[in-house]
Amino acid sequence: MAMATSLSALTSSLSSLSFSSQISQKPIQSLSFSQSKPLSLKSSAPKFPALIVAASAAATVSDADVETADLKKLVKSRLPGGFAAQSIIGTGRRKCAIARVVLQEGTGKVIINYRDAKEYLQGNPLWLQYVKTPLVTLGYESSYDVFVKAHGGGLAGQAQAISLGIARALLKVSDSHRSPLKQEGLLTRDARVVERKKPGLRKARKRPQFSKR
């Protein structure tokens, strides 16, 4: 009887061992996670700065247009009949630039082609000095407003043409202005222009390189 019970216990232990071995032999399934797409900075970046820059640029352009329109209204109100109908007027030329200048009693404003002189001449101190020299010579820098219509050439040539035009307009204010303006050389038309290119030369005087052998 005791022998039978020991055999039954042995068989049950063997069956449990075989069951555990079957469990241990099964491969363990590894958990797999789907990789998420990498985040792109371009898609996640907000688009607000670009909109702000575009809005500020549009606001700047609109402000410039409004200022130009206001200056046009000012010039037309101050010069009824246009430039040719005014009494104190002078024409200056330099290189290919031509400037028609009108003087009126005022506070020293200088308007060139319906724009402020400092903005039109890009804040260049030398060009601004050309424009103001005739008025400063006579002490009229804050006594007259200057209205200019300029075309042709570059800004440097236009600035010097405006200087000659202002000096000639000041002669119509009084003949006594001639002597101080002439001493400063402001009434002399600068006739220097770019010399034309010659045939057979590379520029006006530059020749091709000569090789003897």
# chains A, B, ... in the order shown; residues from 1 in each chain; ligands from 1
>>> select_by_dssp(residues="stretch 95-139 of chain A", states="alpha helix (DSSP H)", output="ChimeraX atom specification")
/A:117-120,125-138
>>> residues_around(residues="A:His151", least_positions_apart="4", cutoff="7 Å", atoms="only C-alpha atoms", output="VMD selection string")
chain A and resid 97 to 99
>>> write_last_selection(atoms="N, CA, C and O atoms", output="PDB file, in the first residue's frame")
ATOM      1  N   ALA A  97      22.496 115.682 -65.020  1.00  0.00           N
ATOM      2  CA  ALA A  97      21.413 116.025 -64.089  1.00  0.00           C
ATOM      3  C   ALA A  97      20.934 117.448 -64.331  1.00  0.00           C
ATOM      4  O   ALA A  97      21.719 118.355 -64.598  1.00  0.00           O
ATOM      5  N   ILE A  98      19.631 117.637 -64.213  1.00  0.00           N
ATOM      6  CA  ILE A  98      18.998 118.952 -64.347  1.00  0.00           C
ATOM      7  C   ILE A  98      18.069 119.142 -63.153  1.00  0.00           C
ATOM      8  O   ILE A  98      17.270 118.251 -62.834  1.00  0.00           O
ATOM      9  N   ALA A  99      18.176 120.295 -62.509  1.00  0.00           N
ATOM     10  CA  ALA A  99      17.364 120.581 -61.315  1.00  0.00           C
ATOM     11  C   ALA A  99      16.720 121.948 -61.472  1.00  0.00           C
ATOM     12  O   ALA A  99      17.394 122.925 -61.785  1.00  0.00           O
TER      13      ALA A  99
END
>>> residues_around(residues="stretch 193-199 of chain A", least_positions_apart="2", cutoff="12 Å", atoms="only C-alpha atoms", output="PyMOL selection string")
chain A and resi 93-97+153+157+189-191+201-208
>>> residues_around(residues="stretch 167-177 of chain A", least_positions_apart="5", cutoff="8 Å", atoms="only C-alpha atoms", output="number ranges by chain")
A: 88-92, 101-103, 134-135, 138, 186-187
>>> write_last_selection(atoms="all heavy atoms", output="short mmCIF file (atom, residue, chain, number, x, y, z; two decimals), in the first residue's frame")
data_model
loop_
_atom_site.label_atom_id
_atom_site.label_comp_id
_atom_site.auth_asym_id
_atom_site.auth_seq_id
_atom_site.Cartn_x
_atom_site.Cartn_y
_atom_site.Cartn_z
N ILE A 88 10.74 133.33 -57.95
CA ILE A 88 12.12 133.05 -57.52
C ILE A 88 12.45 131.62 -57.93
O ILE A 88 12.20 130.66 -57.20
CB ILE A 88 12.27 133.24 -56.00
CG1 ILE A 88 11.77 134.61 -55.57
CG2 ILE A 88 13.72 133.07 -55.59
CD1 ILE A 88 11.81 134.84 -54.09
N ILE A 89 13.02 131.47 -59.10
CA ILE A 89 13.30 130.15 -59.65
C ILE A 89 14.68 130.15 -60.28
O ILE A 89 15.15 131.17 -60.78
CB ILE A 89 12.23 129.75 -60.70
CG1 ILE A 89 12.40 128.28 -61.11
CG2 ILE A 89 12.26 130.67 -61.90
CD1 ILE A 89 11.27 127.76 -61.96
N GLY A 90 15.34 129.01 -60.21
CA GLY A 90 16.68 128.87 -60.81
C GLY A 90 16.87 127.46 -61.32
O GLY A 90 16.35 126.51 -60.73
N THR A 91 17.61 127.33 -62.40
CA THR A 91 17.87 126.03 -63.01
C THR A 91 19.36 125.72 -62.91
O THR A 91 20.20 126.56 -63.29
CB THR A 91 17.43 125.99 -64.48
OG1 THR A 91 16.04 126.32 -64.54
CG2 THR A 91 17.66 124.62 -65.08
N GLY A 92 19.68 124.56 -62.42
CA GLY A 92 21.07 124.13 -62.30
C GLY A 92 21.30 122.84 -63.05
O GLY A 92 20.41 122.00 -63.15
N VAL A 101 14.70 124.72 -59.35
CA VAL A 101 14.61 125.07 -57.93
C VAL A 101 13.71 126.29 -57.76
O VAL A 101 13.82 127.26 -58.53
CB VAL A 101 16.01 125.35 -57.35
CG1 VAL A 101 15.91 125.70 -55.87
CG2 VAL A 101 16.92 124.16 -57.55
N VAL A 102 12.84 126.24 -56.77
CA VAL A 102 11.98 127.36 -56.41
C VAL A 102 12.21 127.68 -54.93
O VAL A 102 12.24 126.78 -54.09
CB VAL A 102 10.49 127.03 -56.65
CG1 VAL A 102 9.60 128.14 -56.09
CG2 VAL A 102 10.23 126.85 -58.13
N LEU A 103 12.39 128.96 -54.62
CA LEU A 103 12.56 129.42 -53.25
C LEU A 103 11.33 130.18 -52.79
O LEU A 103 10.77 130.97 -53.54
CB LEU A 103 13.79 130.34 -53.13
CG LEU A 103 15.16 129.74 -53.46
CD1 LEU A 103 16.25 130.78 -53.24
CD2 LEU A 103 15.44 128.51 -52.62
N PRO A 134 24.74 127.16 -50.54
CA PRO A 134 24.36 128.53 -50.94
C PRO A 134 23.56 129.28 -49.88
O PRO A 134 23.79 130.48 -49.66
CB PRO A 134 23.54 128.30 -52.21
CG PRO A 134 23.96 126.97 -52.72
CD PRO A 134 24.27 126.17 -51.51
N LEU A 135 22.65 128.58 -49.21
CA LEU A 135 21.83 129.23 -48.18
C LEU A 135 22.67 129.56 -46.95
O LEU A 135 22.52 130.62 -46.35
CB LEU A 135 20.65 128.33 -47.80
CG LEU A 135 19.63 128.07 -48.91
CD1 LEU A 135 18.62 127.02 -48.46
CD2 LEU A 135 18.91 129.35 -49.29
N LEU A 138 24.86 132.74 -47.28
CA LEU A 138 24.18 134.03 -47.09
C LEU A 138 23.42 134.10 -45.77
O LEU A 138 22.78 135.13 -45.49
CB LEU A 138 23.21 134.27 -48.25
CG LEU A 138 23.86 134.34 -49.64
CD1 LEU A 138 22.78 134.47 -50.70
CD2 LEU A 138 24.83 135.51 -49.73
N LEU A 186 30.02 129.29 -56.28
CA LEU A 186 28.72 128.64 -56.37
C LEU A 186 27.95 129.02 -57.63
O LEU A 186 26.90 128.41 -57.91
CB LEU A 186 27.89 128.98 -55.13
CG LEU A 186 28.48 128.52 -53.80
CD1 LEU A 186 27.67 129.06 -52.64
CD2 LEU A 186 28.55 127.00 -53.75
N LEU A 187 28.43 130.02 -58.36
CA LEU A 187 27.74 130.44 -59.58
C LEU A 187 28.41 129.88 -60.84
O LEU A 187 27.98 130.19 -61.95
CB LEU A 187 27.70 131.97 -59.66
CG LEU A 187 26.85 132.66 -58.60
CD1 LEU A 187 26.96 134.16 -58.72
CD2 LEU A 187 25.39 132.22 -58.72
#
>>> atom_distance(atom1="atom CA of A:Gly154", atom2="atom CA of A:Asn124")
13.1 Å
>>> residues_around(residues="stretch 107-119 of chain A", least_positions_apart="2", cutoff="7 Å", atoms="only C-alpha atoms", output="JSON, numbers by chain")
{"A": [68, 71, 72, 121, 122, 123, 141, 142, 143, 144, 145, 146, 147, 148, 149, 150]}
>>> atom_distance(atom1="atom CA of A:Ser163", atom2="atom CA of A:Val131")
4.9 Å
>>> atom_distance(atom1="atom CA of A:Gln86", atom2="atom CA of A:Tyr140")
19.1 Å
